[in-house]
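Pasting upload_30.cif here (mmCIF, C-alpha atoms):
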data_my_file
#
loop_
_atom_site.label_atom_id
_atom_site.label_comp_id
_atom_site.auth_asym_id
_atom_site.auth_seq_id
_atom_site.Cartn_x
_atom_site.Cartn_y
_atom_site.Cartn_z
CA MET M 242 31.91 -32.94 -11.56
CA ARG M 243 29.41 -30.88 -9.55
CA LYS M 244 32.13 -28.22 -9.00
CA TYR M 245 32.57 -27.81 -12.78
CA ILE M 246 28.83 -27.50 -13.35
CA VAL M 247 28.57 -24.75 -10.71
CA LEU M 248 31.56 -22.96 -12.27
CA LEU M 249 30.00 -23.25 -15.72
CA ILE M 250 26.71 -21.76 -14.47
CA PHE M 251 28.58 -18.86 -12.83
CA ALA M 252 30.61 -18.24 -16.01
CA ALA M 253 27.43 -18.25 -18.14
CA ALA M 254 25.68 -15.85 -15.74
CA ALA M 255 28.71 -13.52 -15.70
CA GLY M 256 28.89 -13.61 -19.53
CA ALA M 257 25.19 -12.84 -19.86
CA GLY M 258 25.50 -9.99 -17.33
CA ALA M 259 28.49 -8.49 -19.17
CA PHE M 260 26.65 -8.79 -22.51
CA LEU M 261 23.55 -7.05 -21.14
CA PHE M 262 25.65 -4.34 -19.47
CA LEU M 263 27.64 -3.58 -22.63
CA ARG M 264 24.56 -3.81 -24.84
CA GLY M 265 22.67 -1.39 -22.57
CA ASP M 266 25.33 1.22 -23.18
CA SER M 267 25.44 0.90 -26.98
CA ASP M 268 24.19 3.61 -29.36
CA GLU M 269 21.47 1.24 -30.55
CA ALA M 270 20.17 0.83 -26.99
CA ARG M 271 20.24 4.62 -26.49
CA VAL M 272 18.26 5.21 -29.69
CA LYS M 273 15.73 2.56 -28.59
CA LYS M 274 15.45 4.37 -25.26
CA VAL M 275 14.58 7.64 -27.06
CA ILE M 276 11.86 5.81 -29.02
CA ARG M 277 10.54 4.27 -25.81
CA ARG M 278 10.40 7.71 -24.18
CA LEU M 279 8.49 9.06 -27.19
CA CYS M 280 5.92 6.27 -26.71
CA ASP M 281 5.76 6.91 -22.95
CA MET M 282 5.10 10.61 -23.54
CA THR M 283 2.19 9.84 -25.84
CA THR M 284 0.71 7.11 -23.67
CA LYS M 285 -2.00 8.25 -21.27
CA ARG M 286 -3.35 6.02 -18.53
CA GLU M 287 -6.97 6.14 -17.46
CA GLY M 288 -7.47 8.64 -14.66
CA GLU M 289 -4.04 10.17 -15.18
CA ASN M 290 -3.25 13.11 -12.96
CA PRO M 291 -3.28 16.18 -15.30
CA ALA M 292 -0.25 17.68 -13.53
CA ALA M 293 1.74 14.44 -13.98
CA GLY M 294 0.74 14.33 -17.66
CA ALA M 295 1.76 17.95 -18.18
CA LEU M 296 5.10 17.32 -16.47
CA LEU M 297 5.73 14.24 -18.64
CA ILE M 298 5.19 16.06 -21.93
CA SER M 299 7.03 19.19 -20.85
CA ARG M 300 10.32 17.32 -21.34
CA THR M 301 10.09 17.10 -25.14
CA ASP M 302 13.42 18.95 -25.45
CA GLU M 303 15.11 15.87 -23.95
CA ILE M 304 14.14 13.68 -26.94
CA PHE M 305 13.57 16.17 -29.77
CA ALA M 306 16.15 18.32 -31.59
CA PRO M 307 15.57 22.13 -31.69
CA GLU M 308 13.88 21.68 -35.07
CA VAL M 309 11.91 18.59 -35.99
CA HIS M 310 10.47 17.98 -39.44
CA ILE M 311 7.36 15.80 -39.48
CA GLU M 312 5.59 14.22 -42.46
CA ALA M 313 2.46 12.19 -41.83
CA ALA M 314 0.36 10.15 -44.22
CA ARG M 315 -2.81 11.49 -42.61
CA GLY M 316 -3.68 13.91 -39.85
CA GLY M 317 -2.38 17.25 -41.08
CA PHE M 318 0.79 17.21 -38.97
CA ASP M 319 3.21 18.02 -41.78
CA GLY M 320 5.68 20.75 -40.97
CA SER M 321 8.58 21.87 -38.83
CA TYR M 322 8.16 21.93 -35.08
CA THR M 323 10.11 23.13 -32.07
CA PRO M 324 10.03 21.01 -28.88
CA GLY M 325 7.80 23.65 -27.29
CA ARG M 326 5.27 23.42 -30.10
CA LEU M 327 5.41 19.63 -29.94
CA THR M 328 4.54 19.83 -26.24
CA SER M 329 1.37 21.76 -27.05
CA GLU M 330 0.52 19.40 -29.95
CA LEU M 331 1.00 16.38 -27.66
CA ALA M 332 -1.20 18.00 -25.00
CA ARG M 333 -3.89 18.64 -27.63
CA CYS M 334 -3.76 15.01 -28.87
CA ARG M 335 -3.74 13.50 -25.39
CA ALA M 336 -6.72 15.67 -24.40
CA VAL M 337 -8.83 13.89 -27.04
CA PHE M 338 -8.30 10.52 -25.34
CA ARG M 339 -9.58 9.08 -22.09
CA ARG M 340 -6.76 6.55 -22.32
CA VAL M 341 -4.27 5.82 -25.07
CA THR M 342 -1.35 3.42 -25.42
CA VAL M 343 1.40 3.92 -27.97
CA ARG M 344 3.95 1.17 -28.59
CA ALA M 345 6.94 0.74 -30.89
CA GLN M 346 7.69 -2.73 -32.23
CA ASP M 347 10.19 -4.36 -34.59
CA GLU M 348 12.68 -1.50 -34.45
CA GLU M 349 15.41 -1.51 -37.10
CA ILE M 350 18.20 0.93 -36.31
CA SER M 351 21.07 1.95 -38.57
CA PHE M 352 23.79 4.57 -38.39
CA PRO M 353 24.30 5.98 -41.91
CA GLU M 354 26.77 8.68 -40.79
CA LYS M 355 28.69 9.65 -37.68
CA ASP M 356 26.31 11.14 -35.06
CA LYS M 357 23.29 10.32 -37.20
CA ALA M 358 20.87 7.43 -36.77
CA PHE M 359 17.89 6.16 -38.70
CA ALA M 360 15.20 4.12 -36.98
CA VAL M 361 12.23 2.38 -38.57
CA PHE M 362 9.56 0.80 -36.43
CA SER M 363 5.97 -0.27 -36.36
CA GLY M 364 3.98 2.12 -34.20
CA THR M 365 0.68 0.99 -32.71
CA LEU M 366 -1.84 3.30 -31.09
CA SER M 367 -4.85 1.97 -29.23
CA GLY M 368 -7.22 3.75 -26.93
CA ASP M 369 -10.63 5.25 -26.22
CA THR M 370 -11.57 8.84 -26.94
CA LYS M 371 -13.52 10.93 -24.47
CA THR M 372 -16.55 10.57 -26.72
CA GLY M 373 -16.35 6.77 -26.33
CA THR M 374 -14.89 5.84 -29.72
CA SER M 375 -12.31 3.04 -29.72
CA VAL M 376 -9.24 3.73 -31.83
CA SER M 377 -6.70 1.16 -33.02
CA GLU M 378 -4.15 2.19 -35.63
CA VAL M 379 -0.86 0.83 -36.93
CA ARG M 380 1.70 2.88 -38.86
CA ASP M 381 5.26 2.49 -40.09
CA VAL M 382 7.37 5.23 -38.56
CA GLU M 383 10.75 6.41 -39.82
CA CYS M 384 12.79 8.51 -37.40
CA ARG M 385 15.93 10.46 -38.14
CA LEU M 386 18.05 11.12 -35.07
CA VAL M 387 21.11 13.29 -34.46
CA ARG M 388 23.55 13.23 -31.58
CA LEU M 389 23.57 16.64 -29.86
CA ASP M 390 25.79 17.19 -26.80
CA GLY M 391 26.24 13.42 -26.54
CA LYS M 392 22.48 12.70 -26.52
CA TRP M 393 20.41 11.18 -29.31
CA LYS M 394 17.50 13.41 -30.34
CA ILE M 395 14.80 13.06 -32.96
CA SER M 396 15.25 15.53 -35.82
CA GLY M 397 12.70 14.14 -38.26
CA MET M 398 9.78 11.75 -38.46
CA VAL M 399 7.89 10.31 -41.41
CA VAL M 400 4.71 8.33 -40.73
CA HIS M 401 3.53 5.91 -43.43
CA GLU M 402 0.50 3.70 -43.84
CA VAL M 403 1.45 0.01 -43.44
CA LEU M 404 -0.02 -0.72 -46.88
CA GLU M 405 0.60 2.42 -48.89
CA ARG M 406 -1.26 2.71 -52.18
CA MET Z 284 23.25 -53.20 -23.56
CA ASP Z 285 23.23 -54.21 -19.94
CA GLY Z 286 19.43 -54.37 -19.84
CA LYS Z 287 18.98 -50.76 -18.61
CA PRO Z 288 17.40 -48.44 -21.21
CA GLY Z 289 19.37 -45.31 -22.27
CA ILE Z 290 18.35 -41.69 -21.54
CA VAL Z 291 16.56 -41.08 -24.88
CA TYR Z 292 14.69 -44.35 -24.42
CA ARG Z 293 13.77 -43.37 -20.88
CA ILE Z 294 12.56 -39.86 -21.85
CA PHE Z 295 10.47 -40.99 -24.77
CA HIS Z 296 9.45 -44.24 -23.15
CA LEU Z 297 10.61 -46.35 -26.09
CA HIS Z 298 11.62 -49.32 -23.99
CA ARG Z 299 9.24 -52.15 -23.35
CA SER Z 300 7.47 -52.18 -20.02
CA ASP Z 301 8.35 -54.68 -17.36
CA ASP Z 302 5.80 -57.26 -18.43
CA ASP Z 303 7.23 -56.95 -22.01
CA THR Z 304 3.96 -56.87 -23.93
CA MET Z 305 3.29 -54.36 -26.72
CA ALA Z 306 -0.17 -53.50 -25.39
CA ALA Z 307 1.18 -52.72 -21.95
CA SER Z 308 3.98 -50.65 -23.48
CA VAL Z 309 1.54 -48.60 -25.60
CA ALA Z 310 -0.73 -48.09 -22.61
CA GLU Z 311 2.25 -46.97 -20.56
CA PHE Z 312 3.25 -44.51 -23.32
CA PHE Z 313 -0.11 -42.74 -23.35
CA VAL Z 314 -0.96 -43.03 -19.66
CA PRO Z 315 2.42 -43.21 -17.96
CA LYS Z 316 3.11 -43.59 -14.31
CA PHE Z 317 4.39 -40.23 -13.18
CA ASN Z 318 8.11 -40.22 -12.52
CA ARG Z 319 11.08 -37.96 -13.29
CA TRP Z 320 11.48 -39.38 -16.84
CA VAL Z 321 7.86 -38.60 -17.66
CA LEU Z 322 8.37 -35.07 -16.31
CA LEU Z 323 11.49 -34.70 -18.47
CA ARG Z 324 9.59 -36.00 -21.50
CA MET Z 325 6.85 -33.44 -20.92
CA LEU Z 326 9.43 -30.66 -20.67
CA VAL Z 327 11.23 -31.75 -23.87
CA VAL Z 328 7.95 -31.98 -25.80
CA ALA Z 329 6.76 -28.59 -24.46
CA ALA Z 330 10.06 -26.89 -25.32
CA GLY Z 331 10.04 -28.47 -28.80
CA ALA Z 332 6.45 -27.37 -29.42
CA LEU Z 333 7.27 -23.86 -28.22
CA VAL Z 334 10.17 -23.54 -30.67
CA VAL Z 335 8.38 -25.17 -33.61
CA PHE Z 336 4.93 -23.60 -33.27
CA GLY Z 337 6.01 -20.34 -31.66
CA TRP Z 338 8.76 -19.47 -34.08
CA LEU Z 339 9.25 -21.82 -37.04
CA LEU Z 340 5.73 -22.80 -38.08
CA ILE Z 341 3.25 -20.27 -36.77
CA PRO Z 342 -0.34 -21.58 -36.81
CA CYS Z 343 -2.60 -19.13 -38.67
CA VAL Z 344 -6.38 -19.02 -38.94
CA ILE Z 345 -7.45 -17.62 -42.31
CA ASP Z 346 -10.32 -15.18 -41.93
CA GLY Z 347 -10.99 -13.05 -45.00
CA GLU Z 348 -11.80 -13.21 -48.68
CA SER Z 349 -8.89 -11.27 -50.14
CA MET Z 350 -6.95 -14.34 -51.38
CA MET Z 351 -9.91 -16.25 -52.85
CA PRO Z 352 -9.95 -18.62 -54.67
CA THR Z 353 -6.29 -19.50 -53.95
CA PHE Z 354 -7.14 -19.62 -50.24
CA PRO Z 355 -10.68 -20.06 -48.89
CA SER Z 356 -12.29 -17.29 -46.85
CA SER Z 357 -11.90 -19.38 -43.72
CA GLY Z 358 -9.37 -22.07 -43.05
CA PHE Z 359 -6.08 -22.89 -41.43
CA THR Z 360 -2.44 -22.88 -42.45
CA PHE Z 361 1.03 -22.52 -40.99
CA CYS Z 362 3.38 -19.64 -41.68
CA TRP Z 363 6.79 -21.12 -42.57
CA ARG Z 364 9.33 -18.61 -41.25
CA GLY Z 365 12.28 -20.19 -43.03
CA ARG Z 366 10.95 -19.45 -46.53
CA TYR Z 367 13.23 -16.44 -47.07
CA TRP Z 368 16.26 -17.43 -45.05
CA PHE Z 369 18.28 -18.23 -48.14
CA SER Z 370 16.37 -16.39 -50.88
CA SER Z 371 14.62 -13.10 -51.48
CA PRO Z 372 10.91 -12.60 -52.14
CA ARG Z 373 10.01 -12.72 -55.83
CA ARG Z 374 7.09 -11.53 -57.90
CA GLY Z 375 4.22 -14.01 -57.70
CA ASP Z 376 5.15 -15.33 -54.24
CA ILE Z 377 2.39 -15.62 -51.67
CA VAL Z 378 3.65 -14.16 -48.41
CA VAL Z 379 2.54 -13.72 -44.82
CA VAL Z 380 2.82 -10.06 -43.82
CA LYS Z 381 2.88 -8.99 -40.17
CA TYR Z 382 0.40 -6.20 -39.50
CA VAL Z 383 0.29 -6.05 -35.73
CA ASP Z 384 1.03 -8.48 -32.86
CA LYS Z 385 -1.09 -11.49 -33.85
CA VAL Z 386 -2.66 -10.17 -37.05
CA PHE Z 387 -1.07 -11.17 -40.33
CA PHE Z 388 -2.09 -10.57 -43.95
CA LEU Z 389 -1.87 -13.22 -46.64
CA LYS Z 390 -1.00 -11.49 -49.93
CA ARG Z 391 0.74 -12.00 -53.26
CA ILE Z 392 3.82 -9.99 -54.26
CA VAL Z 393 3.28 -8.24 -57.60
CA GLY Z 394 5.97 -5.56 -57.49
CA LEU Z 395 9.55 -5.30 -56.28
CA PRO Z 396 11.65 -2.19 -55.50
CA GLY Z 397 11.80 0.16 -58.51
CA ASP Z 398 8.81 -1.41 -60.28
CA VAL Z 399 5.94 0.79 -61.40
CA VAL Z 400 2.66 -0.90 -60.43
CA GLN Z 401 -0.74 0.16 -61.70
CA PHE Z 402 -4.23 -1.27 -62.18
CA ARG Z 403 -6.03 -0.22 -65.37
CA ARG Z 404 -9.64 -1.38 -65.71
CA GLY Z 405 -8.84 -4.26 -63.39
CA ARG Z 406 -5.73 -5.42 -65.24
CA LEU Z 407 -2.39 -5.39 -63.47
CA TYR Z 408 0.47 -3.57 -65.19
CA VAL Z 409 4.03 -3.75 -63.91
CA ASN Z 410 6.49 -1.41 -65.65
CA ASP Z 411 3.78 -0.75 -68.26
CA VAL Z 412 3.57 -4.45 -69.16
CA ARG Z 413 0.26 -6.23 -68.65
CA GLN Z 414 0.74 -9.20 -66.31
CA LYS Z 415 -0.69 -12.66 -66.83
CA GLU Z 416 -2.38 -13.66 -63.61
CA PRO Z 417 -3.87 -17.15 -63.95
CA TYR Z 418 -4.62 -17.21 -60.21
CA VAL Z 419 -7.10 -14.31 -60.54
CA ARG Z 420 -10.58 -15.70 -61.22
CA TYR Z 421 -12.73 -12.83 -60.03
CA VAL Z 422 -12.15 -9.80 -62.26
CA SER Z 423 -12.41 -6.18 -61.23
CA ASP Z 424 -12.65 -2.70 -62.64
CA TRP Z 425 -9.95 -1.23 -60.43
CA ASN Z 426 -8.08 1.85 -61.61
CA THR Z 427 -5.14 3.19 -59.65
CA LYS Z 428 -2.39 5.73 -60.14
CA PRO Z 429 1.04 4.31 -61.03
CA VAL Z 430 3.08 3.63 -57.90
CA ILE Z 431 6.88 3.38 -57.91
CA VAL Z 432 7.81 0.75 -55.33
CA SER Z 433 10.27 2.30 -52.84
CA PRO Z 434 13.61 0.69 -51.95
CA GLY Z 435 13.21 -1.92 -49.21
CA HIS Z 436 9.52 -2.32 -50.03
CA CYS Z 437 7.38 -4.59 -52.22
CA PHE Z 438 3.88 -4.23 -53.59
CA VAL Z 439 1.35 -6.81 -52.39
CA VAL Z 440 -2.25 -7.48 -53.36
CA GLY Z 441 -4.79 -10.26 -52.82
CA ASP Z 442 -5.99 -12.58 -55.59
CA ASN Z 443 -9.65 -11.66 -55.08
CA ARG Z 444 -10.09 -8.52 -57.16
CA SER Z 445 -13.88 -8.65 -57.09
CA GLN Z 446 -13.90 -6.79 -53.78
CA TYR Z 447 -14.49 -3.05 -53.77
CA ILE Z 448 -11.16 -1.30 -54.08
CA GLU Z 449 -11.81 0.59 -50.83
CA ARG Z 450 -12.32 -2.68 -48.94
CA HIS Z 451 -9.33 -4.55 -50.35
CA ARG Z 452 -6.07 -3.89 -48.49
CA PHE Z 453 -3.20 -3.67 -50.91
CA GLY Z 454 -0.17 -1.49 -51.55
CA GLN Z 455 3.49 -1.33 -50.82
CA ILE Z 456 4.85 -2.67 -47.56
CA ARG Z 457 8.24 -2.79 -45.89
CA MET Z 458 10.06 -6.03 -46.82
CA SER Z 459 10.87 -6.55 -43.14
CA ARG Z 460 7.13 -7.02 -42.50
CA ILE Z 461 7.25 -10.26 -44.51
CA VAL Z 462 7.55 -12.99 -41.91
CA GLY Z 463 7.35 -16.03 -44.17
CA ALA Z 464 5.10 -17.92 -46.54
CA PRO Z 465 2.09 -20.19 -46.05
CA LEU Z 466 3.16 -23.83 -45.73
CA PHE Z 467 0.25 -25.14 -47.82
#

Would you mind writing the file's structure down as structure tokens?
Amino acid sequence: MRKYIVLLIFAAAAGAGAFLFLRGDSDEARVKKVIRRLCDMTTKREGENPAAGALLISRTDEIFAPEVHIEAARGGFDGSYTPGRLTSELARCRAVFRRVTVRAQDEEISFPEKDKAFAVFSGTLSGDTKTGTSVSEVRDVECRLVRLDGKWKISGMVVHEVLER
Amino acid sequence: MDGKPGIVYRIFHLHRSDDDTMAASVAEFFVPKFNRWVLLRMLVVAAGALVVFGWLLIPCVIDGESMMPTFPSSGFTFCWRGRYWFSSPRRGDIVVVKYVDKVFFLKRIVGLPGDVVQFRRGRLYVNDVRQKEPYVRYVSDWNTKPVIVSPGHCFVVGDNRSQYIERHRFGQIRMSRIVGAPLF
């Protein structure tokens, strides 16, 4: 009896491992990884080394397509951007904060066409500005992604208020 | 039965104690002698509570006036997650909307995808038809532009319209933000 229980535990562990391995390689997991990297690029820890921060945001071309169209409910960010311009915009935004954390939650990912993905998630931003103001905001974010050279990249973003009048 | 209690009886301590008196059995239930069955009982109860109160019936503290008088400005309810497992939200439903991690809004659905929602001098119009809202006791003078509810969204508003329009949080939200309905 004990032999069967041990075998059952091993089979369950192997099944779970295989599931996680296969799931980690799916398109959905890759799109989630791009969203996570976007959040990591925006997040700034207290006392962050400026060189490390600059290096982190210099890799925008790894997650953004050559042309990215952005629409925002507030903030005056509407327009088309290149990864290079996004790097400078990110640097400008991060410079305002002493520390800032950006998180994506409740991601819903769909693939409307081949090599195209659509992700909707709840984006939360919390942090303290250098002037001492605490900021805590929540937005609904829609991301359009395209697969370029086998990699998923963001080609468009629309930022909505959670309760839009 | 051979006199030995079964596993369910052992875990939940439903068998009579050795001296076979009800009082002793009740005392043993509430202040048990620690053994492996008591440990198992604690684990089963903890796991059950985690599933029920962490996922099915989320305890919510009401803190806000936006749903008065249907809900008081402070109180307690549970969010029943199963409310929309087999049906879709409808106009007039009171729903619990997830805002961020542990912050939820309690609101009433007044518009579904494709509806045109507008307030004119405090009266609610959906698709240009004035709505009867017996649950609204505190009137307002709100005026808003007509809003066409986007696909996959619904329009929510609180019952307390006496608040300043700037202070009252209402508008269209993603349907996926609806996590359930208040239990009572």

What is the CA of Lys273 in chain M-CA of Glu348 in chain M distance in Å, reported with one decimal?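 Distance reported for this atom pair: 7.8 Å.
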
Distance limit 8 Å, atoms considered: only C-alpha atoms. Which chain M residues sit that close to chain Z? Return them as a list in words. Thr365, Val379, Val403, Leu404, Glu405 and Arg406 of chain M

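Using the PyMOL selection byres ((chain M and resi 303-313) around 7) on this structure selects Val275, Arg300, Thr301, Asp302, Ala314, Arg315, Gly316, Phe318, Asp319, Gly320, Ser321, Tyr322, Thr323, Pro324, Lys394, Ile395, Ser396, Gly397, Met398, Val399, Val400 and His401 of chain M.
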
Selected by the PyMOL selection byres ((chain Z and resi 373-375) around 7) in the shown coordinates: which residues, as a list in words?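 Matching residues under the PyMOL selection byres ((chain Z and resi 373-375) around 7) are Ser371, Pro372, Asp376, Ile377, Arg391, Ile392, Val393, Gly394 and Leu395 of chain Z.
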
Of M:Ile250, M:Leu366, M:Ala360, M:Leu296, the one nearest to Thr342 in chain M when counting all atoms listed in the file is M:Leu366
